[in-house]
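S.K.: As input, take run.cif (mmCIF, C-alpha atoms):
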data_my_file
loop_
_atom_site.label_atom_id
_atom_site.label_comp_id
_atom_site.auth_asym_id
_atom_site.auth_seq_id
_atom_site.Cartn_x
_atom_site.Cartn_y
_atom_site.Cartn_z
CA MET V 3 17.41 47.45 36.71
CA THR V 4 17.57 43.93 35.23
CA ASN V 5 14.92 42.46 32.92
CA ASN V 6 13.76 40.18 35.74
CA GLU V 7 13.33 43.15 38.09
CA LYS V 8 11.43 45.06 35.42
CA ARG V 9 9.21 42.07 34.85
CA SER V 10 8.57 41.68 38.57
CA GLU V 11 7.59 45.33 38.70
CA VAL V 12 4.99 44.72 35.98
CA GLU V 13 3.61 41.66 37.77
CA PHE V 14 3.25 43.58 41.03
CA THR V 15 1.73 46.70 39.48
CA TYR V 16 -2.06 46.77 39.54
CA PRO V 17 -4.22 48.79 37.15
CA GLU V 18 -6.26 51.52 38.85
CA TRP V 19 -9.58 50.05 37.72
CA LEU V 20 -8.91 46.86 39.70
CA ASN V 21 -10.55 48.32 42.81
CA GLU V 22 -13.46 47.79 45.21
CA ASP V 23 -16.02 49.05 42.69
CA PHE V 24 -14.83 46.45 40.19
CA PHE V 25 -15.20 43.61 42.71
CA GLN V 26 -18.59 44.83 43.86
CA ASN V 27 -19.74 44.24 40.28
CA VAL V 28 -18.05 40.85 40.18
CA LEU V 29 -19.77 39.79 43.39
CA LYS V 30 -23.15 40.55 41.83
CA ASN V 31 -22.61 37.34 39.85
CA ILE V 32 -22.46 35.16 42.96
CA GLU V 33 -24.57 37.05 45.53
CA THR V 34 -28.24 38.05 45.41
CA GLU V 35 -27.62 41.26 47.40
CA SER V 36 -25.35 44.25 46.99
CA VAL V 37 -22.24 43.82 49.07
CA LYS V 38 -20.10 46.07 51.24
CA ILE V 39 -16.42 45.23 50.77
CA THR V 40 -14.39 45.49 53.97
CA ASN V 41 -11.03 44.33 52.61
CA LEU V 42 -9.45 43.70 49.21
CA GLU V 43 -6.15 41.85 48.87
CA LEU V 44 -4.42 41.47 45.50
CA LYS V 45 -1.46 39.20 44.79
CA PRO V 46 0.25 37.83 41.68
CA GLY V 47 -1.72 34.81 40.53
CA THR V 48 1.04 32.66 39.05
CA LEU V 49 4.60 31.50 39.35
CA LYS V 50 7.17 32.75 36.88
CA ASN V 51 6.69 31.18 33.41
CA ASP V 52 3.10 30.10 34.16
CA ASN V 53 1.59 32.56 31.69
CA TYR V 54 3.00 34.89 29.05
CA ALA V 55 0.04 36.30 27.13
CA SER V 56 -1.84 37.68 30.13
CA ILE V 57 -1.25 39.15 33.58
CA LEU V 58 -2.77 37.02 36.35
CA PHE V 59 -3.81 38.13 39.83
CA ARG V 60 -5.38 36.41 42.80
CA ALA V 61 -7.97 38.56 44.60
CA LYS V 62 -9.17 37.81 48.13
CA VAL V 63 -12.30 39.86 48.85
CA THR V 64 -13.81 40.19 52.33
CA TYR V 65 -17.34 41.61 52.42
CA LYS V 66 -20.68 41.81 54.23
CA LEU V 67 -24.27 41.40 53.09
CA PRO V 68 -27.06 43.76 54.25
CA SER V 69 -29.09 40.76 55.43
CA GLN V 70 -26.18 39.54 57.60
CA PRO V 71 -24.41 42.75 58.73
CA THR V 72 -22.45 41.07 61.55
CA GLN V 73 -21.00 38.28 59.42
CA GLU V 74 -18.06 38.61 57.07
CA LYS V 75 -17.78 36.48 53.94
CA VAL V 76 -14.64 35.81 51.90
CA SER V 77 -14.36 35.01 48.20
CA SER V 78 -11.22 34.34 46.20
CA PHE V 79 -10.87 34.86 42.46
CA ILE V 80 -8.27 34.46 39.74
CA LEU V 81 -8.19 37.39 37.31
CA LYS V 82 -6.59 37.30 33.89
CA ILE V 83 -6.17 40.68 32.22
CA GLU V 84 -4.51 41.84 29.03
CA PRO V 85 -0.98 43.30 29.34
CA PHE V 86 -1.46 46.92 30.43
CA MET V 87 2.10 48.20 30.85
CA GLU V 88 3.75 49.69 27.77
CA GLY V 89 6.41 47.40 26.42
CA ASN V 90 7.29 44.57 24.07
CA LYS V 91 4.70 42.11 25.40
CA LYS V 92 1.81 44.56 24.95
CA GLU V 93 2.99 45.47 21.45
CA VAL V 94 3.51 41.88 20.27
CA LEU V 95 0.16 40.63 21.59
CA LYS V 96 -2.07 43.51 20.50
CA ASN V 97 -3.23 41.73 17.31
CA TYR V 98 -4.34 38.55 19.04
CA SER V 99 -7.99 38.07 19.99
CA TYR V 100 -7.13 36.06 23.11
CA PHE V 101 -9.96 37.30 25.30
CA ASP V 102 -12.67 37.04 22.63
CA THR V 103 -11.70 33.42 22.05
CA GLU V 104 -11.43 32.49 25.71
CA ILE V 105 -14.76 34.09 26.63
CA THR V 106 -16.44 32.27 23.73
CA MET V 107 -14.93 29.01 24.92
CA TYR V 108 -16.00 29.43 28.56
CA THR V 109 -19.45 30.92 27.98
CA LYS V 110 -20.58 28.92 24.95
CA VAL V 111 -18.35 26.10 23.72
CA LEU V 112 -17.34 24.30 26.93
CA PRO V 113 -20.88 24.46 28.41
CA MET V 114 -22.23 23.04 25.14
CA ILE V 115 -19.75 20.16 25.21
CA GLU V 116 -20.28 19.46 28.92
CA LYS V 117 -24.07 19.46 28.36
CA VAL V 118 -23.70 16.62 25.85
CA LEU V 119 -21.47 14.68 28.25
CA ARG V 120 -24.01 15.16 31.08
CA GLN V 121 -26.78 13.73 28.90
CA TYR V 122 -24.82 10.48 28.89
CA GLY V 123 -23.88 10.44 32.57
CA ASP V 124 -20.39 11.90 32.18
CA ASN V 125 -19.61 14.61 34.76
CA THR V 126 -16.25 15.64 33.30
CA ILE V 127 -15.43 19.31 33.93
CA LEU V 128 -13.32 20.83 31.15
CA GLY V 129 -12.36 24.13 32.80
CA PRO V 130 -12.76 26.32 35.89
CA LYS V 131 -15.97 28.29 36.42
CA LEU V 132 -16.06 31.69 34.74
CA ILE V 133 -17.46 34.37 37.08
CA ALA V 134 -17.21 37.56 34.99
CA SER V 135 -15.62 38.77 31.75
CA SER V 136 -15.24 41.66 29.33
CA THR V 137 -13.95 41.84 25.75
CA THR V 138 -13.87 45.64 25.71
CA ALA V 139 -10.68 47.35 26.86
CA PRO V 140 -9.46 46.57 29.38
CA SER V 141 -10.23 42.94 28.57
CA TYR V 142 -10.41 40.53 31.49
CA VAL V 143 -11.78 37.22 32.72
CA VAL V 144 -12.51 36.34 36.35
CA PHE V 145 -12.47 32.69 37.42
CA GLU V 146 -13.17 30.76 40.57
CA ASP V 147 -9.99 30.14 42.56
CA LEU V 148 -9.29 26.45 42.03
CA ALA V 149 -6.84 26.45 44.95
CA LEU V 150 -9.87 26.57 47.27
CA LYS V 151 -11.03 23.28 45.74
CA GLY V 152 -7.69 21.62 46.35
CA TYR V 153 -6.10 22.08 42.92
CA THR V 154 -2.42 22.94 42.63
CA THR V 155 -0.11 23.69 39.74
CA ILE V 156 2.50 21.05 38.94
CA GLY V 157 5.27 23.61 39.43
CA TYR V 158 8.53 23.22 37.56
CA ARG V 159 8.22 19.66 36.34
CA HIS V 160 6.57 17.63 33.59
CA PRO V 161 3.36 15.65 34.21
CA ASN V 162 3.84 12.04 35.23
CA LEU V 163 2.22 9.23 33.25
CA GLU V 164 -0.94 9.09 35.40
CA GLU V 165 -1.44 12.87 35.20
CA MET V 166 -0.84 12.77 31.46
CA LYS V 167 -3.47 10.12 30.89
CA ILE V 168 -6.17 12.04 32.77
CA THR V 169 -5.18 15.16 30.83
CA LEU V 170 -5.38 13.33 27.50
CA LEU V 171 -8.69 11.76 28.54
CA LYS V 172 -10.18 15.24 28.90
CA LEU V 173 -8.64 16.34 25.61
CA ALA V 174 -10.10 13.27 23.89
CA LYS V 175 -13.58 14.16 25.21
CA LEU V 176 -13.21 17.82 24.18
CA HIS V 177 -12.15 16.73 20.69
CA ALA V 178 -14.74 13.98 20.32
CA ILE V 179 -17.82 15.96 21.36
CA SER V 180 -16.78 18.95 19.23
CA TYR V 181 -16.28 16.54 16.31
CA LYS V 182 -19.78 15.12 16.89
CA LEU V 183 -21.45 18.53 17.23
CA CYS V 184 -19.87 19.93 14.08
CA LYS V 185 -20.78 16.85 12.07
CA GLU V 186 -24.39 16.98 13.27
CA GLU V 187 -24.78 20.77 13.10
CA LYS V 188 -22.85 22.48 10.29
CA ASP V 189 -23.24 26.05 11.61
CA ASN V 190 -22.09 25.31 15.14
CA ILE V 191 -20.33 28.22 16.90
CA ILE V 192 -17.27 25.98 17.23
CA THR V 193 -16.56 26.45 13.53
CA THR V 194 -16.18 30.24 14.06
CA LEU V 195 -13.04 29.66 16.14
CA ASP V 196 -10.68 30.27 13.26
CA LYS V 197 -7.79 32.23 14.83
CA GLY V 198 -5.05 30.43 16.72
CA SER V 199 -1.41 30.88 17.60
CA MET V 200 -0.12 30.73 14.03
CA ASN V 201 -2.73 32.68 12.05
CA SER V 202 -3.77 35.55 14.34
CA ALA V 203 -0.72 37.66 13.52
CA ASP V 204 2.70 37.22 11.90
CA PRO V 205 4.45 34.51 13.97
CA THR V 206 7.87 35.64 12.70
CA THR V 207 7.68 38.64 15.04
CA PHE V 208 8.92 36.16 17.68
CA PRO V 209 12.69 35.46 17.61
CA HIS V 210 12.21 31.70 18.11
CA VAL V 211 10.31 31.55 14.82
CA LYS V 212 12.41 34.11 12.94
CA TYR V 213 15.85 32.91 14.05
CA GLY V 214 15.35 29.61 15.88
CA ILE V 215 15.99 27.17 13.02
CA GLY V 216 19.00 29.16 11.82
CA PHE V 217 20.51 29.19 15.30
CA LEU V 218 19.80 25.49 15.73
CA LYS V 219 21.53 24.61 12.45
CA GLU V 220 24.61 26.53 13.58
CA ILE V 221 24.68 24.68 16.89
CA LEU V 222 24.07 21.25 15.36
CA SER V 223 26.91 21.92 12.89
CA GLU V 224 29.30 22.16 15.84
CA HIS V 225 28.63 18.53 16.88
CA ASP V 226 29.97 15.67 14.76
CA ASP V 227 27.03 13.39 15.50
CA LEU V 228 24.36 16.06 14.90
CA LYS V 229 25.63 17.96 11.86
CA GLN V 230 24.34 15.19 9.56
CA TYR V 231 20.81 16.50 10.19
CA VAL V 232 21.53 20.06 9.07
CA PRO V 233 21.05 19.33 5.30
CA HIS V 234 17.72 17.64 6.06
CA ILE V 235 16.56 20.66 8.06
CA ALA V 236 17.82 23.04 5.37
CA SER V 237 15.83 21.20 2.70
CA VAL V 238 12.47 21.85 4.37
CA GLU V 239 12.86 24.83 6.71
CA HIS V 240 11.47 27.34 4.19
CA LEU V 241 8.18 25.40 4.09
CA LEU V 242 7.49 24.78 7.76
CA CYS V 243 6.06 28.08 9.00
CA GLY V 244 3.92 28.64 5.89
CA LYS V 245 2.53 25.12 5.90
CA SER V 246 1.73 25.41 9.60
CA ILE V 247 -0.18 28.63 8.96
CA ASP V 248 -2.04 26.90 6.10
CA MET V 249 -3.09 24.16 8.52
CA PHE V 250 -4.46 26.74 10.97
CA ASN V 251 -6.39 28.38 8.12
CA GLU V 252 -7.68 25.08 6.78
CA ALA V 253 -11.04 24.94 8.56
CA GLY V 254 -11.81 28.63 7.98
CA SER V 255 -11.14 28.27 4.26
CA GLY V 256 -13.97 25.74 3.99
CA LYS V 257 -11.64 22.89 3.04
CA ARG V 258 -12.72 20.13 5.38
CA ASP V 259 -10.67 17.24 4.02
CA GLY V 260 -9.86 15.43 7.22
CA ILE V 261 -10.81 15.31 10.89
CA PHE V 262 -11.82 18.59 12.56
CA VAL V 263 -12.26 19.32 16.26
CA VAL V 264 -12.02 22.23 18.65
CA ASN V 265 -8.39 22.31 19.76
CA HIS V 266 -7.30 23.61 23.14
CA GLY V 267 -4.54 25.36 21.20
CA ASP V 268 -1.97 25.84 23.96
CA PHE V 269 -1.74 22.36 25.42
CA HIS V 270 1.45 22.69 27.48
CA LEU V 271 2.54 21.66 30.96
CA LYS V 272 1.70 24.99 32.63
CA ASN V 273 -1.93 24.86 31.52
CA ILE V 274 -3.04 22.13 33.89
CA MET V 275 -3.72 21.90 37.64
CA THR V 276 -3.96 18.67 39.58
CA LYS V 277 -6.11 17.60 42.53
CA LYS V 278 -5.27 14.83 44.99
CA ASN V 279 -6.98 13.05 47.86
CA GLY V 280 -3.99 12.08 49.96
CA ASP V 281 -1.59 10.46 47.51
CA LYS V 282 -4.36 9.57 45.06
CA LEU V 283 -4.74 11.74 41.95
CA THR V 284 -8.44 12.57 41.53
CA ASP V 285 -8.53 15.14 38.71
CA VAL V 286 -6.56 17.27 36.29
CA MET V 287 -8.09 20.60 35.26
CA LEU V 288 -7.38 22.11 31.84
CA LEU V 289 -6.69 25.85 31.85
CA ASP V 290 -6.24 28.69 29.37
CA TYR V 291 -8.41 28.42 26.26
CA GLN V 292 -7.15 31.74 24.84
CA ILE V 293 -5.99 30.38 21.48
CA SER V 294 -8.46 27.55 20.95
CA ILE V 295 -9.14 26.87 17.28
CA PHE V 296 -11.31 24.61 15.13
CA GLY V 297 -8.98 22.44 13.08
CA SER V 298 -7.14 19.17 12.84
CA PRO V 299 -6.54 17.33 16.14
CA ALA V 300 -2.92 17.28 14.96
CA ILE V 301 -2.70 20.86 16.26
CA ASP V 302 -3.07 19.68 19.87
CA LEU V 303 -1.47 16.25 19.50
CA HIS V 304 1.80 17.42 17.94
CA TYR V 305 1.85 20.31 20.43
CA ALA V 306 1.34 17.97 23.40
CA PHE V 307 4.28 15.83 22.25
CA THR V 308 6.54 18.88 22.17
CA MET V 309 5.19 21.06 24.98
CA MET V 310 3.36 18.82 27.48
CA PHE V 311 5.33 15.55 27.54
CA GLY V 312 8.67 15.28 29.29
CA PRO V 313 11.76 13.81 27.57
CA GLU V 314 11.20 10.30 28.96
CA MET V 315 7.55 10.37 27.89
CA ARG V 316 8.48 11.42 24.36
CA ARG V 317 11.09 8.66 24.19
CA ASP V 318 9.27 5.74 25.83
CA HIS V 319 5.52 6.37 25.98
CA TYR V 320 4.44 8.22 22.81
CA ASP V 321 2.65 5.28 21.15
CA GLU V 322 1.04 4.26 24.44
CA LEU V 323 -0.31 7.77 25.06
CA LEU V 324 -1.49 8.26 21.49
CA TYR V 325 -3.30 4.90 21.66
CA PHE V 326 -4.87 5.99 24.96
CA TYR V 327 -6.07 9.27 23.43
CA ILE V 328 -7.48 7.62 20.28
CA THR V 329 -9.35 4.86 22.12
CA ASN V 330 -10.96 7.41 24.44
CA PHE V 331 -11.82 9.70 21.50
CA GLN V 332 -13.58 6.75 19.84
CA GLU V 333 -15.25 5.56 23.06
CA THR V 334 -16.64 9.04 23.77
CA LEU V 335 -18.29 9.10 20.34
CA ARG V 336 -19.77 5.64 20.92
CA LYS V 337 -21.08 6.49 24.39
CA THR V 338 -22.75 9.67 23.11
CA GLU V 339 -24.47 7.69 20.33
CA TYR V 340 -22.73 9.36 17.42
CA LYS V 341 -24.16 7.80 14.26
CA GLY V 342 -21.55 8.92 11.74
CA HIS V 343 -18.13 7.54 10.88
CA ILE V 344 -15.83 7.23 13.89
CA PRO V 345 -12.22 7.94 12.86
CA THR V 346 -9.98 4.89 13.11
CA HIS V 347 -6.54 4.67 14.68
CA ILE V 348 -5.02 4.66 11.22
CA GLU V 349 -7.01 7.73 10.15
CA ILE V 350 -5.93 9.75 13.19
CA ARG V 351 -2.32 8.70 12.68
CA GLN V 352 -2.68 9.69 9.02
CA GLU V 353 -3.88 13.12 10.22
CA LEU V 354 -0.67 13.45 12.22
CA ALA V 355 1.40 12.33 9.24
CA LYS V 356 -0.41 14.74 6.90
CA HIS V 357 0.47 17.60 9.25
CA ARG V 358 3.97 16.34 10.02
CA TYR V 359 5.42 19.74 9.03
CA TRP V 360 3.67 21.20 12.11
CA GLY V 361 5.27 18.53 14.28
CA LEU V 362 8.68 19.25 12.76
CA PHE V 363 8.21 23.01 13.10
CA LEU V 364 7.40 22.53 16.80
CA LEU V 365 10.42 20.28 17.32
CA LEU V 366 12.80 22.81 15.78
CA CYS V 367 11.29 26.05 17.15
CA PHE V 368 9.41 25.14 20.34
CA LEU V 369 11.04 22.15 22.04
CA LEU V 370 13.41 24.42 23.96
CA PHE V 371 10.38 25.97 25.73
CA ASN V 372 9.53 22.54 27.15
CA TYR V 373 12.83 22.84 29.02
CA THR V 374 12.36 26.52 29.87
CA LEU V 375 8.92 25.97 31.42
CA ALA V 376 10.25 23.20 33.64
CA ASP V 377 13.14 25.27 35.04
CA GLU V 378 12.44 27.91 37.70
CA ASN V 379 15.80 29.54 36.98
CA LYS V 380 14.83 30.39 33.40
CA ASP V 381 12.52 33.15 32.16
CA ILE V 382 10.30 32.30 29.20
CA ALA V 383 9.67 35.97 28.44
CA GLU V 384 13.38 36.56 27.91
CA VAL V 385 13.66 33.55 25.61
CA LEU V 386 10.61 34.69 23.64
CA GLU V 387 11.78 38.26 23.26
CA ASN V 388 15.60 38.15 23.17
CA ALA V 389 17.44 36.46 20.28
CA GLU V 390 20.72 36.23 22.24
CA VAL V 391 19.03 34.44 25.14
CA LEU V 392 17.25 32.19 22.65
CA ARG V 393 20.52 31.08 21.05
CA LYS V 394 22.06 30.34 24.42
CA GLU V 395 19.07 28.19 25.41
CA LEU V 396 19.43 26.17 22.22
CA GLU V 397 22.90 25.15 23.39
CA ASP V 398 21.45 23.39 26.47
CA PRO V 399 23.19 19.96 26.63
CA LYS V 400 19.95 18.29 27.76
CA LEU V 401 18.10 19.66 24.74
CA LEU V 402 20.86 18.49 22.40
CA ASP V 403 20.85 15.05 24.00
CA GLU V 404 17.14 14.73 23.31
CA LEU V 405 17.60 15.91 19.73
CA ARG V 406 20.04 13.02 19.36
CA VAL V 407 17.03 10.77 20.03
CA LEU V 408 14.31 12.71 18.20
CA LEU V 409 16.01 13.88 15.00
CA PRO V 410 16.71 10.33 13.75
CA ARG V 411 13.18 9.30 14.69
CA PHE V 412 11.73 12.19 12.70
CA LEU V 413 14.04 11.38 9.79
CA TYR V 414 13.11 7.68 9.77
CA ASN V 415 9.39 8.54 9.93
CA GLY V 416 9.59 10.75 6.82
CA TYR V 417 9.13 14.13 8.48
CA PHE V 418 11.79 15.69 6.26
CA GLU V 419 10.00 14.63 3.08
CA MET V 420 7.76 17.39 1.77
#
Just give me the structure as C-alpha cells.

M.R.:
Amino acid sequence: MTNNEKRSEVEFTYPEWLNEDFFQNVLKNIETESVKITNLELKPGTLKNDNYASILFRAKVTYKLPSQPTQEKVSSFILKIEPFMEGNKKEVLKNYSYFDTEITMYTKVLPMIEKVLRQYGDNTILGPKLIASSTTAPSYVVFEDLALKGYTTIGYRHPNLEEMKITLLKLAKLHAISYKLCKEEKDNIITTLDKGSMNSADPTTFPHVKYGIGFLKEILSEHDDLKQYVPHIASVEHLLCGKSIDMFNEAGSGKRDGIFVVNHGDFHLKNIMTKKNGDKLTDVMLLDYQISIFGSPAIDLHYAFTMMFGPEMRRDHYDELLYFYITNFQETLRKTEYKGHIPTHIEIRQELAKHRYWGLFLLLCFLLFNYTLADENKDIAEVLENAEVLRKELEDPKLLDELRVLLPRFLYNGYFEM
C-alpha cells in the first residue's frame, strides 16, 4: 500500500464516537427540542493538502422534531478533530495545543473583536460560526458549513489580487482591534495566547526545518548563478530557527518593545474561502485559528508573503499589498476611536525589518510549501514527513526560478546581516 493510499484510508476512517448520539448533542445547540435523527452522512471535509494538523469531515444530518413529526430537517456541519489514527502525524502533533487555542479564539477572542467593530458600524465577520467544541480527548470543533452560504475553497491556486486585498483587509482589522484592546486593557485574554507554530514544541522534529536549509544549499551550489548565495545563507543559518522562536516567545516573556497584535498564525492560501455573487467577489472568510498567537504583526505579514501570495504577487505587488494592509490597520484604529499612538508606515516596516530573520527562515524552509499547496499532484504530508521527498521538492525549477528573484532582493535589503 502506498503512502497516499494509507493516507486516504485515514481520511475515510471515522472514529466510533462520531455517531448519532454525538450529533444529537450537537443539534441541542441549534434546536430548542430534542431531535430524532433519521439519517447521518459523513464525508471527508477537505481536498488533499487543505489541512495537515487536523482531520476534517462534513456531516449531513437529517432529523425530525417532536413538534413537527411529519417534517424532516437537514443540517450540515464541518467537524475538525485531532488525529486519531496511530502514526507519525499523531505523534508529531501531540504536544501542540491546537484545539485549546482555536476554541479560545472562536468563543472569546473573535467575538470580542467583532463586538468592537459592530459598535462602529462594521459588520466584518472574521470566521465561521462555531456550533460545538471540546478540549478534552477526543478534541473537536464543529462549525457551520460555509458551503451552504455560497463559500468555496480556492482549490489549487493562489489568491488573485482582489481576493488578497479582502483577505488582508480582514487581517488588518483583526490586528488593529486586538492592538487597541491590549493597549486599553493590559490583562486581556488575547495576551494569554502565547503558543504558536514555533514555540509549542521543537520545530526541528520536522524535516523541512531540520534538513531544509542544508538541502537547499546543496541544490543552490549546483547552479552557477545561485551558488553565490550559499555563503550568505551559511553565515546566518545557525541563528534563524532560534531567533524565530525568540520572537514567538517575546510577548509571553513580558518584553513588549514593539507592536503586538493577535496573529492568525497560519495565514496561508488554504485557510481562506471565497464567496461570489455571479462574477463579483463579495467576501473572503478566514479559517483555522489553531495556532493564533499574540506577538508582532511580522509573524503574519512575513508568513503571508511566503505562504499566501503567489510568485507574481511576491515579485510585483508586495509594496502595494503591504501599503494596503497598513493603511487599513491605521484606519480601523481611527474609526474605532483609539486614543493612543497609531503605528506609522515606517514603524510597521521597521517591525518587519527587526524580525527579518523570521522572513528569511520562512523563505529558506517554507517557500516550497507555497508550491506544494497549489499543486493537486503533490502531497504536503509527504513533504512534511519525508526528507527524501523534501529534497526532491526543493529541486523544483519553478521554485529555483523564484529564488533567483528573491535571494538578491533579500540580500540587498540586509536580511543576511545579523

S.K.: Smallest atom-to-atom distance to Asn273 (chain V): which of V:Gln230, V:Thr155, V:Ser180, V:Ser202, using all atoms listed in the file?

M.R.: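 Smallest separation from Asn273 (chain V) among the options: V:Thr155.
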
S.K.: Just want the 10 Å neighbourhood of Ile350 (chain V), counted on all atoms listed in the file, with same-chain residues fewer than 2 positions away dropped. Output as a tab-separated table (two decimals) with C-alpha atoms, in the frame of the given file.

M.R.:
chain	number	residue	atom	x	y	z
V	260	GLY	CA	-9.86	15.43	7.22
V	261	ILE	CA	-10.81	15.31	10.89
V	298	SER	CA	-7.14	19.17	12.84
V	299	PRO	CA	-6.54	17.33	16.14
V	300	ALA	CA	-2.92	17.28	14.96
V	324	LEU	CA	-1.49	8.26	21.49
V	328	ILE	CA	-7.48	7.62	20.28
V	345	PRO	CA	-12.22	7.94	12.86
V	346	THR	CA	-9.98	4.89	13.11
V	347	HIS	CA	-6.54	4.67	14.68
V	348	ILE	CA	-5.02	4.66	11.22
V	352	GLN	CA	-2.68	9.69	9.02
V	353	GLU	CA	-3.88	13.12	10.22
V	354	LEU	CA	-0.67	13.45	12.22
V	355	ALA	CA	1.40	12.33	9.24
V	356	LYS	CA	-0.41	14.74	6.90

S.K.: Which residues are close to region 203-219 of chain V, i.e. within 6 Å by all atoms listed in the file, leaving aside same-chain residues fewer than 2 positions away? Reply as number ranges by chain.

M.R.: V: 200-201, 221-222, 232, 367, 389

S.K.: Selection from above, C-alpha atoms, as a PDB file, in the frame of the given file, can you write it?

M.R.:
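Full text of part_12.pdb as output:
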ATOM      1  CA  MET V 200      -0.120  30.730  14.030  1.00  0.00           C
ATOM      2  CA  ASN V 201      -2.730  32.680  12.050  1.00  0.00           C
ATOM      3  CA  ILE V 221      24.680  24.680  16.890  1.00  0.00           C
ATOM      4  CA  LEU V 222      24.070  21.250  15.360  1.00  0.00           C
ATOM      5  CA  VAL V 232      21.530  20.060   9.070  1.00  0.00           C
ATOM      6  CA  CYS V 367      11.290  26.050  17.150  1.00  0.00           C
ATOM      7  CA  ALA V 389      17.440  36.460  20.280  1.00  0.00           C
TER       8      ALA V 389
END

S.K.: Please list, as an MDAnalysis selection string, the residues that have an atom at most 10 Å away from (-12.2, 27.7, 36.0) in the coordinates of this file, counting all atoms listed in the file.

M.R.: chainID V and resid 79:80 108 127:133 144:148 287:290

S.K.: Written as a list in words, what is the full residue list that the PyMOL selection byres ((chain V and resi 39) around 10) yields on the file shown?

M.R.: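 With the shown file as input, the PyMOL selection byres ((chain V and resi 39) around 10) matches Glu22, Asp23, Phe25, Gln26, Leu29, Ser36, Val37, Lys38, Thr40, Asn41, Leu42, Val63, Thr64, Tyr65, Lys66, Leu67, Glu74, Lys75 and Val76 of chain V.
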
S.K.: Restricted to C-alpha atoms, what would the selected residues look like written as an mmCIF file, in the coordinates of the input?

M.R.:
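After the write, again-v3.cif holds the following:
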data_model
loop_
_atom_site.group_PDB
_atom_site.id
_atom_site.type_symbol
_atom_site.label_atom_id
_atom_site.label_comp_id
_atom_site.auth_asym_id
_atom_site.auth_seq_id
_atom_site.Cartn_x
_atom_site.Cartn_y
_atom_site.Cartn_z
ATOM 1 C CA GLU V 22 -13.460 47.790 45.210
ATOM 2 C CA ASP V 23 -16.020 49.050 42.690
ATOM 3 C CA PHE V 25 -15.200 43.610 42.710
ATOM 4 C CA GLN V 26 -18.590 44.830 43.860
ATOM 5 C CA LEU V 29 -19.770 39.790 43.390
ATOM 6 C CA SER V 36 -25.350 44.250 46.990
ATOM 7 C CA VAL V 37 -22.240 43.820 49.070
ATOM 8 C CA LYS V 38 -20.100 46.070 51.240
ATOM 9 C CA THR V 40 -14.390 45.490 53.970
ATOM 10 C CA ASN V 41 -11.030 44.330 52.610
ATOM 11 C CA LEU V 42 -9.450 43.700 49.210
ATOM 12 C CA VAL V 63 -12.300 39.860 48.850
ATOM 13 C CA THR V 64 -13.810 40.190 52.330
ATOM 14 C CA TYR V 65 -17.340 41.610 52.420
ATOM 15 C CA LYS V 66 -20.680 41.810 54.230
ATOM 16 C CA LEU V 67 -24.270 41.400 53.090
ATOM 17 C CA GLU V 74 -18.060 38.610 57.070
ATOM 18 C CA LYS V 75 -17.780 36.480 53.940
ATOM 19 C CA VAL V 76 -14.640 35.810 51.900
#

S.K.: Rounded to one decimal place, report the CA of Ile293 (chain V)-CA of Thr137 (chain V) distance in Å.

M.R.: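 Taking CA of Ile293 (chain V) and CA of Thr137 (chain V), their separation equals 14.6 Å.
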
S.K.: Rank V:Phe311, V:Thr15, V:Thr194, V:Glu419 by their smallest atom-to-atom distance to Ser237 (chain V), using all atoms listed in the file, and report the top residue only.

M.R.: V:Glu419
